[in-house]
$ cat my_file22.csv   # CSV, C-alpha atoms and all ligand atoms
chain,number,residue,atom,x,y,z
C,19,MET,CA,42.0,39.7,56.2
C,20,THR,CA,38.7,41.6,56.4
C,21,LEU,CA,37.6,44.5,58.6
C,22,ASP,CA,34.1,44.2,57.2
C,23,GLY,CA,32.8,47.8,57.7
C,24,GLN,CA,34.7,48.5,60.9
C,25,HIS,CA,35.5,52.2,61.3
C,26,VAL,CA,39.3,53.0,61.2
C,27,LEU,CA,40.5,56.5,62.0
C,28,ILE,CA,44.0,57.2,60.7
C,29,VAL,CA,45.6,60.3,62.1
C,30,GLY,CA,48.1,61.4,59.5
C,31,GLY,CA,46.6,59.4,56.6
C,32,THR,CA,47.6,61.8,53.8
C,33,ARG,CA,51.2,60.7,53.3
C,34,GLY,CA,53.7,57.9,53.8
C,35,ILE,CA,52.8,55.1,56.2
C,36,GLY,CA,49.5,56.6,57.1
C,37,ARG,CA,48.5,56.8,53.4
C,38,ALA,CA,49.6,53.2,52.8
C,39,THR,CA,47.5,52.2,55.9
C,40,VAL,CA,44.5,54.0,54.4
C,41,ALA,CA,44.9,51.9,51.2
C,42,ALA,CA,45.4,48.7,53.2
C,43,ALA,CA,42.3,49.3,55.4
C,44,ARG,CA,40.2,50.1,52.4
C,45,ALA,CA,41.4,46.9,50.7
C,46,ALA,CA,40.2,45.1,53.8
C,47,ASP,CA,36.8,46.6,53.5
C,48,ALA,CA,37.1,49.0,56.5
C,49,ARG,CA,35.2,52.3,56.6
C,50,VAL,CA,38.1,54.8,56.8
C,51,THR,CA,38.4,58.3,58.1
C,52,ALA,CA,41.8,60.0,57.7
C,53,THR,CA,43.2,63.3,58.9
C,54,GLY,CA,45.5,65.8,57.3
C,55,ARG,CA,46.5,69.3,58.1
C,56,SER,CA,45.2,71.2,55.1
C,57,ALA,CA,42.6,71.0,52.3
C,58,ALA,CA,45.4,70.3,49.9
C,59,SER,CA,46.6,67.3,51.8
C,60,LEU,CA,43.1,66.0,52.3
C,61,ALA,CA,42.6,66.3,48.5
C,62,ARG,CA,45.2,63.5,48.1
C,63,LEU,CA,43.0,61.0,49.9
C,64,PRO,CA,41.4,58.3,47.7
C,65,ASP,CA,37.7,58.3,46.9
C,66,GLY,CA,35.6,56.7,49.6
C,67,VAL,CA,37.7,58.0,52.5
C,68,ALA,CA,36.3,60.6,54.8
C,69,GLY,CA,38.8,63.4,55.4
C,70,ARG,CA,39.0,65.5,58.5
C,71,MET,CA,41.3,68.5,59.1
C,72,LEU,CA,43.5,68.1,62.2
C,73,ASP,CA,46.7,69.6,63.7
C,74,TYR,CA,47.5,67.4,66.7
C,75,THR,CA,49.4,70.1,68.4
C,76,ASP,CA,46.1,71.9,68.9
C,77,PRO,CA,44.4,70.2,71.9
C,78,ALA,CA,41.1,72.0,71.2
C,79,ALA,CA,41.1,70.6,67.6
C,80,VAL,CA,41.8,67.1,68.9
C,81,ALA,CA,38.9,67.3,71.4
C,82,ALA,CA,36.6,68.7,68.7
C,83,LEU,CA,37.5,65.8,66.4
C,84,ALA,CA,36.9,63.2,69.1
C,85,GLU,CA,33.5,64.8,69.9
C,86,THR,CA,32.2,64.9,66.4
C,87,LEU,CA,33.2,61.4,65.2
C,88,ASP,CA,30.7,58.6,65.4
C,89,GLY,CA,32.0,55.3,66.7
C,90,VAL,CA,35.6,54.4,66.0
C,91,ASP,CA,36.6,50.8,66.2
C,92,HIS,CA,40.4,51.3,65.6
C,93,LEU,CA,42.6,54.4,65.9
C,94,VAL,CA,45.9,54.5,64.1
C,95,LEU,CA,48.3,57.4,65.0
C,96,SER,CA,50.7,57.9,62.1
C,97,ALA,CA,51.1,61.7,62.2
C,98,SER,CA,54.4,63.3,62.8
C,99,ASP,CA,56.2,66.3,61.3
C,100,ALA,CA,59.6,65.0,62.0
C,101,VAL,CA,61.2,61.5,62.2
C,102,ALA,CA,63.5,61.6,65.3
C,103,TRP,CA,65.9,59.2,66.8
C,104,GLY,CA,69.1,59.3,68.8
C,105,PRO,CA,70.3,59.5,72.4
C,106,PHE,CA,67.9,60.8,75.0
C,107,ALA,CA,70.1,63.9,75.6
C,108,ASP,CA,70.1,64.9,72.0
C,109,LEU,CA,66.3,64.7,71.5
C,110,GLY,CA,64.2,67.8,72.1
C,111,GLU,CA,60.9,67.8,74.1
C,112,PRO,CA,58.6,67.3,71.0
C,113,ALA,CA,60.5,64.1,70.1
C,114,LEU,CA,60.4,62.8,73.6
C,115,ARG,CA,56.6,63.3,73.7
C,116,ALA,CA,56.7,60.6,70.9
C,117,ALA,CA,57.5,58.0,73.6
C,118,LEU,CA,54.4,56.1,72.5
C,119,GLU,CA,55.8,52.6,73.0
C,120,ALA,CA,56.0,53.0,76.8
C,121,MET,CA,52.6,54.7,77.0
C,122,ALA,CA,51.0,52.0,74.8
C,123,ARG,CA,51.8,49.2,77.3
C,124,VAL,CA,50.3,51.2,80.1
C,125,LEU,CA,47.2,52.0,78.1
C,126,ALA,CA,46.8,48.3,77.0
C,127,VAL,CA,46.2,47.5,80.7
C,128,GLU,CA,44.2,50.6,81.7
C,129,LEU,CA,41.9,50.5,78.6
C,130,ALA,CA,41.4,46.8,78.5
C,131,PRO,CA,39.6,45.0,77.0
C,132,ARG,CA,40.3,47.6,74.3
C,133,ARG,CA,43.7,46.8,72.7
C,134,VAL,CA,46.7,49.1,72.3
C,135,ASN,CA,49.8,48.1,70.2
C,136,THR,CA,52.8,49.9,68.8
C,137,VAL,CA,54.3,49.4,65.4
C,138,SER,CA,57.9,50.5,65.3
C,139,PRO,CA,59.1,51.2,61.8
C,140,GLY,CA,62.7,51.1,60.7
C,141,LEU,CA,63.8,53.6,58.0
C,142,THR,CA,60.9,53.7,55.6
C,143,ALA,CA,61.0,55.6,52.3
C,144,THR,CA,58.3,58.2,52.7
C,145,GLU,CA,57.8,61.9,52.1
C,146,ALA,CA,59.3,62.5,55.5
C,147,TYR,CA,62.7,62.5,53.8
C,148,ALA,CA,61.6,64.7,50.8
C,149,GLY,CA,63.5,67.6,52.3
C,150,LEU,CA,66.9,65.9,51.7
C,151,PRO,CA,68.7,66.4,48.3
C,152,ASP,CA,68.0,63.4,46.1
C,153,ALA,CA,71.6,62.2,46.1
C,154,ALA,CA,71.9,62.5,49.9
C,155,ARG,CA,68.6,60.6,50.4
C,156,ALA,CA,69.6,57.8,48.0
C,157,ALA,CA,73.0,57.5,49.8
C,158,MET,CA,71.4,57.3,53.2
C,159,PHE,CA,68.9,54.7,52.0
C,160,ALA,CA,71.7,52.6,50.4
C,161,ALA,CA,73.9,52.8,53.5
C,162,THR,CA,71.0,51.8,55.7
C,163,ALA,CA,70.0,49.0,53.4
C,164,ALA,CA,73.5,47.6,53.4
C,165,ARG,CA,73.5,47.3,57.3
C,166,LEU,CA,70.1,45.6,57.5
C,167,PRO,CA,69.5,41.8,57.4
C,168,ALA,CA,66.6,42.5,55.0
C,169,GLY,CA,69.0,44.2,52.7
C,170,ARG,CA,66.7,47.2,51.9
C,171,VAL,CA,64.9,50.0,53.6
C,172,GLY,CA,61.1,49.8,54.3
C,173,ALA,CA,58.3,50.7,51.9
C,174,PRO,CA,55.2,52.3,53.4
C,175,ASP,CA,53.1,49.2,52.7
C,176,ASP,CA,55.5,47.0,54.7
C,177,ILE,CA,54.5,49.1,57.8
C,178,ALA,CA,50.8,49.4,56.8
C,179,GLN,CA,50.5,45.6,56.7
C,180,ALA,CA,51.8,45.3,60.2
C,181,ILE,CA,49.3,47.9,61.4
C,182,LEU,CA,46.5,45.9,59.8
C,183,LEU,CA,47.8,42.8,61.6
C,184,ALA,CA,47.7,44.7,64.9
C,185,ILE,CA,44.2,45.9,64.1
C,186,ALA,CA,42.8,42.6,63.1
C,187,ASN,CA,44.4,40.1,65.6
C,188,PRO,CA,42.1,40.1,68.7
C,189,PHE,CA,44.8,38.4,70.9
C,190,LEU,CA,47.4,41.1,70.3
C,191,THR,CA,47.7,43.8,72.8
C,192,GLY,CA,50.5,45.7,74.6
C,193,ALA,CA,52.8,44.5,71.9
C,194,THR,CA,55.5,46.3,69.9
C,195,LEU,CA,56.0,45.0,66.4
C,196,ASP,CA,59.5,45.9,65.1
C,197,VAL,CA,59.0,46.2,61.4
C,198,ASP,CA,62.5,47.4,60.6
C,199,GLY,CA,64.2,44.9,58.3
C,200,GLY,CA,66.1,43.5,61.3
C,201,ALA,CA,67.6,46.9,62.4
C,202,HIS,CA,67.0,46.0,66.1
C,203,LEU,CA,69.4,43.0,65.5
C,204,ALA,CA,72.0,44.9,63.5
C,205,ARG,CA,72.7,47.9,65.8
H,301,LIG,N1,59.6,57.1,57.6
H,301,LIG,C1,60.4,56.5,58.6
H,301,LIG,O1,61.6,56.2,58.3
H,301,LIG,C2,59.9,56.4,60.0
H,301,LIG,C3,60.8,55.6,60.9
H,301,LIG,C4,60.4,55.5,62.2
H,301,LIG,C5,59.2,56.0,62.6
H,301,LIG,N2,58.4,56.7,61.7
H,301,LIG,C6,57.1,57.3,62.2
H,301,LIG,O2,56.0,56.8,61.4
H,301,LIG,C7,55.0,57.8,61.4
H,301,LIG,C8,54.7,58.2,60.0
H,301,LIG,O3,55.9,58.6,59.3
H,301,LIG,P1,55.9,58.9,57.7
H,301,LIG,O4,57.3,58.7,57.3
H,301,LIG,O5,54.8,58.2,57.1
H,301,LIG,O6,55.6,60.5,57.7
H,301,LIG,P2,55.2,61.4,56.5
H,301,LIG,O7,55.3,60.7,55.2
H,301,LIG,O8,56.0,62.7,56.7
H,301,LIG,O9,53.6,61.8,56.8
H,301,LIG,C9,53.3,62.5,58.0
H,301,LIG,C10,51.8,62.5,58.2
H,301,LIG,O10,51.6,63.2,59.4
H,301,LIG,C11,50.7,64.3,59.2
H,301,LIG,N3,51.1,65.4,60.2
H,301,LIG,C12,52.4,65.9,60.3
H,301,LIG,N4,52.3,66.8,61.3
H,301,LIG,C13,51.1,66.8,61.8
H,301,LIG,C14,50.4,67.5,62.8
H,301,LIG,N5,51.1,68.5,63.6
H,301,LIG,N6,49.1,67.3,63.1
H,301,LIG,C15,48.4,66.4,62.3
H,301,LIG,N7,49.0,65.7,61.3
H,301,LIG,C16,50.3,65.9,61.1
H,301,LIG,C17,50.9,64.7,57.8
H,301,LIG,O11,49.8,65.5,57.3
H,301,LIG,P3,49.9,66.5,56.1
H,301,LIG,O12,50.0,65.7,54.8
H,301,LIG,O13,48.6,67.3,56.2
H,301,LIG,O14,51.1,67.3,56.3
H,301,LIG,C18,51.1,63.4,57.1
H,301,LIG,O15,49.8,62.8,56.9
H,301,LIG,C19,55.6,59.0,62.2
H,301,LIG,O16,55.1,59.0,63.5
H,301,LIG,C20,57.1,58.8,62.2
H,301,LIG,O17,57.7,59.4,63.3
H,301,LIG,C21,58.7,56.9,60.4

$ encode --input "my_file22.csv" --output "structure tokens"
Amino acid sequence: MTLDGQHVLIVGGTRGIGRATVAAARAADARVTATGRSAASLARLPDGVAGRMLDYTDPAAVAALAETLDGVDHLVLSASDAVAWGPFADLGEPALRAALEAMARVLAVELAPRRVNTVSPGLTATEAYAGLPDAARAAMFAATAARLPAGRVGAPDDIAQAILLAIANPFLTGATLDVDGGAHLAR
């Protein structure tokens, strides 16, 4: 797969799935811009990747970034400061605003011929879980792996490769790719 100089903007490219997507896009010869929230997180980006500071909770910062970027061929949204799931009634408003899957289908129609897809990860071993004690994190990953048809939790590159597929396949739009080791079957 080659992206041959196409410009990919990865929001939340400094850690986890976003960082793996930065690496995958670079390997496919894309021109990559990635965002992080601080100079320290941007310093983690690999050579050759343009870093931009962004906190997506600041609408003015989002608008400023959009205005100052030159053409972007593909936008990947991988930023989140919390992984949230559960029943509707238990989720707070910030988590509900992450209802990207429904929005993506609407946008795929309204923005056509531009394409909009969702990649829906299962439990993926990223820094998002760094706040858990090591033993609790290992136990959670092991218990989840035991329930999954795939027999393991996800690695960031598992998800990054699906994002690259969604970027590169010109016939894919309005789709949701469940990259979850079969979790949607095992519930
Ligand atoms: N990991 C999982 O098990 C899992 C499962 C389902 C869905 N997801 C979703 O997949 C996406 C990536 O998750 P991940 O596990 O890779 O997360 P992660 O390792 O915690 O990385 C989060 C990224 O988001 C950036 N970020 C956080 N808050 C931000 C804000 N307010 N404004 C701008 N950037 C912000 C961080 O930047 P800094 O480095 O600057 O802090 C970092 O680059 C998220 O949308 C998450 O909800 C993850």

$ residues_near_ligand --input "my_file22.csv" --ligand "ligand LIG 301 (chain H)" --cutoff "6 Å" --atoms "only C-alpha atoms and all ligand atoms" --output "ChimeraX atom specification"
/C:30-36,54-56,59,72-75,96-99,101,139-146

$ residues_around --input "my_file22.csv" --residues "Gly169 (chain C)" --least-positions-apart "6" --cutoff "12 Å" --atoms "only C-alpha atoms" --output "PyMOL selection string"
chain C and resi 141+159-163+198-201+204

$ atom_distance --input "my_file22.csv" --atom1 "CA of Ala84 (chain C)" --atom2 "CA of Pro64 (chain C)"
22.4 Å

$ atom_distance --input "my_file22.csv" --atom1 "CA of Arg123 (chain C)" --atom2 "CA of Gly192 (chain C)"
4.6 Å

$ closest_residue --input "my_file22.csv" --among "C:Leu190, C:Leu95, C:Met121, C:Ile177" --to "Arg133 (chain C)" --atoms "all atoms listed in the file"
C:Leu190

$ residues_around --input "my_file22.csv" --residues "region 115-119 of chain C" --least-positions-apart "4" --cutoff "9 Å" --atoms "only C-alpha atoms" --output "compact mmCIF listing (two decimals) with C-alpha atoms, in the frame of the given file"
# COMPACT_ATOMS: atom_id res chain seq x y z
CA SER C 98 54.40 63.30 62.80
CA ALA C 102 63.50 61.60 65.30
CA GLY C 110 64.20 67.80 72.10
CA GLU C 111 60.90 67.80 74.10
CA ARG C 123 51.80 49.20 77.30
CA ASN C 135 49.80 48.10 70.20
CA THR C 136 52.80 49.90 68.80
CA VAL C 137 54.30 49.40 65.40
CA SER C 138 57.90 50.50 65.30
CA GLY C 192 50.50 45.70 74.60
CA ALA C 193 52.80 44.50 71.90
CA THR C 194 55.50 46.30 69.90

$ residues_around --input "my_file22.csv" --residues "Leu83 (chain C)" --least-positions-apart "2" --cutoff "12 Å" --atoms "only C-alpha atoms" --output "ChimeraX atom specification"
/C:27,29,51-53,69-74,76-81,85-90

$ closest_residue --input "my_file22.csv" --among "C:Ala186, C:Met19, C:Val26, C:Leu166" --to "Leu203 (chain C)" --atoms "all atoms listed in the file"
C:Leu166

$ residues_around --input "my_file22.csv" --residues "Asp176 (chain C)" --least-positions-apart "4" --cutoff "8 Å" --atoms "all atoms listed in the file" --output "ChimeraX atom specification"
/C:172,180,197

$ write_last_selection --input "my_file22.csv" --atoms "C-alpha atoms" --output "PDB file, in the frame of the given file"
ATOM      1  CA  GLY C 172      61.100  49.800  54.300  1.00  0.00           C
ATOM      2  CA  ALA C 180      51.800  45.300  60.200  1.00  0.00           C
ATOM      3  CA  VAL C 197      59.000  46.200  61.400  1.00  0.00           C
TER       4      VAL C 197
END

$ atom_distance --input "my_file22.csv" --atom1 "CA of Thr39 (chain C)" --atom2 "CA of Ala57 (chain C)"
19.8 Å

$ build_atoms --input "my_file22.csv" --residues "region 71-107 of chain C" --atoms "N, CA and C atoms" --output "tab-separated table (two decimals), in the frame of the given file"
chain	number	residue	atom	x	y	z
C	71	MET	N	40.17	67.61	58.91
C	71	MET	CA	41.30	68.50	59.10
C	71	MET	C	41.75	68.37	60.59
C	72	LEU	N	43.06	68.19	60.82
C	72	LEU	CA	43.50	68.10	62.20
C	72	LEU	C	45.00	68.50	62.28
C	73	ASP	N	45.33	69.37	63.24
C	73	ASP	CA	46.70	69.60	63.70
C	73	ASP	C	46.78	69.07	65.11
C	74	TYR	N	47.51	67.99	65.33
C	74	TYR	CA	47.50	67.40	66.70
C	74	TYR	C	48.14	68.20	67.74
C	75	THR	N	48.85	69.26	67.33
C	75	THR	CA	49.40	70.10	68.40
C	75	THR	C	48.42	71.08	68.95
C	76	ASP	N	47.19	71.07	68.43
C	76	ASP	CA	46.10	71.90	68.90
C	76	ASP	C	45.14	71.07	69.75
C	77	PRO	N	45.24	71.12	71.09
C	77	PRO	CA	44.40	70.20	71.90
C	77	PRO	C	42.90	70.45	71.68
C	78	ALA	N	42.51	71.70	71.41
C	78	ALA	CA	41.10	72.00	71.20
C	78	ALA	C	40.61	71.27	69.90
C	79	ALA	N	41.48	71.25	68.89
C	79	ALA	CA	41.10	70.60	67.60
C	79	ALA	C	41.01	69.08	67.83
C	80	VAL	N	41.89	68.52	68.65
C	80	VAL	CA	41.80	67.10	68.90
C	80	VAL	C	40.52	66.74	69.64
C	81	ALA	N	40.17	67.57	70.64
C	81	ALA	CA	38.90	67.30	71.40
C	81	ALA	C	37.72	67.46	70.47
C	82	ALA	N	37.75	68.47	69.59
C	82	ALA	CA	36.60	68.70	68.70
C	82	ALA	C	36.44	67.52	67.74
C	83	LEU	N	37.56	66.98	67.25
C	83	LEU	CA	37.50	65.80	66.40
C	83	LEU	C	36.86	64.63	67.09
C	84	ALA	N	37.36	64.39	68.31
C	84	ALA	CA	36.90	63.20	69.10
C	84	ALA	C	35.37	63.37	69.35
C	85	GLU	N	34.90	64.59	69.59
C	85	GLU	CA	33.50	64.80	69.90
C	85	GLU	C	32.57	64.61	68.71
C	86	THR	N	33.10	64.88	67.54
C	86	THR	CA	32.20	64.90	66.40
C	86	THR	C	32.29	63.62	65.54
C	87	LEU	N	33.13	62.67	65.92
C	87	LEU	CA	33.20	61.40	65.20
C	87	LEU	C	32.17	60.45	65.74
C	88	ASP	N	31.53	59.68	64.85
C	88	ASP	CA	30.70	58.60	65.40
C	88	ASP	C	31.67	57.44	65.72
C	89	GLY	N	31.14	56.33	66.17
C	89	GLY	CA	32.00	55.30	66.70
C	89	GLY	C	33.20	54.92	65.92
C	90	VAL	N	34.32	54.82	66.60
C	90	VAL	CA	35.60	54.40	66.00
C	90	VAL	C	36.00	53.09	66.54
C	91	ASP	N	36.21	52.11	65.68
C	91	ASP	CA	36.60	50.80	66.20
C	91	ASP	C	38.14	50.71	66.35
C	92	HIS	N	38.90	51.40	65.50
C	92	HIS	CA	40.40	51.30	65.60
C	92	HIS	C	40.96	52.69	65.27
C	93	LEU	N	41.92	53.08	66.09
C	93	LEU	CA	42.60	54.40	65.90
C	93	LEU	C	44.06	54.10	65.59
C	94	VAL	N	44.51	54.67	64.47
C	94	VAL	CA	45.90	54.50	64.10
C	94	VAL	C	46.54	55.93	64.11
C	95	LEU	N	47.62	56.07	64.89
C	95	LEU	CA	48.30	57.40	65.00
C	95	LEU	C	49.58	57.27	64.14
C	96	SER	N	49.58	57.96	63.02
C	96	SER	CA	50.70	57.90	62.10
C	96	SER	C	51.19	59.32	61.76
C	97	ALA	N	50.80	60.29	62.56
C	97	ALA	CA	51.10	61.70	62.20
C	97	ALA	C	52.41	62.12	62.96
C	98	SER	N	53.24	62.76	62.22
C	98	SER	CA	54.40	63.30	62.80
C	98	SER	C	55.03	64.29	61.80
C	99	ASP	N	55.54	65.40	62.28
C	99	ASP	CA	56.20	66.30	61.30
C	99	ASP	C	57.69	66.19	61.35
C	100	ALA	N	58.18	65.18	62.05
C	100	ALA	CA	59.60	65.00	62.00
C	100	ALA	C	59.91	63.53	62.48
C	101	VAL	N	60.77	62.85	61.77
C	101	VAL	CA	61.20	61.50	62.20
C	101	VAL	C	62.45	61.78	63.10
C	102	ALA	N	62.38	61.33	64.34
C	102	ALA	CA	63.50	61.60	65.30
C	102	ALA	C	63.98	60.36	65.92
C	103	TRP	N	65.28	60.26	66.02
C	103	TRP	CA	65.90	59.20	66.80
C	103	TRP	C	67.23	59.66	67.29
C	104	GLY	N	67.79	58.96	68.25
C	104	GLY	CA	69.10	59.30	68.80
C	104	GLY	C	69.10	59.21	70.27
C	105	PRO	N	70.23	59.57	70.90
C	105	PRO	CA	70.30	59.50	72.40
C	105	PRO	C	69.36	60.44	73.03
C	106	PHE	N	68.89	60.05	74.20
C	106	PHE	CA	67.90	60.80	75.00
C	106	PHE	C	68.37	62.30	75.07
C	107	ALA	N	69.65	62.51	75.39
C	107	ALA	CA	70.10	63.90	75.60
C	107	ALA	C	70.09	64.74	74.38
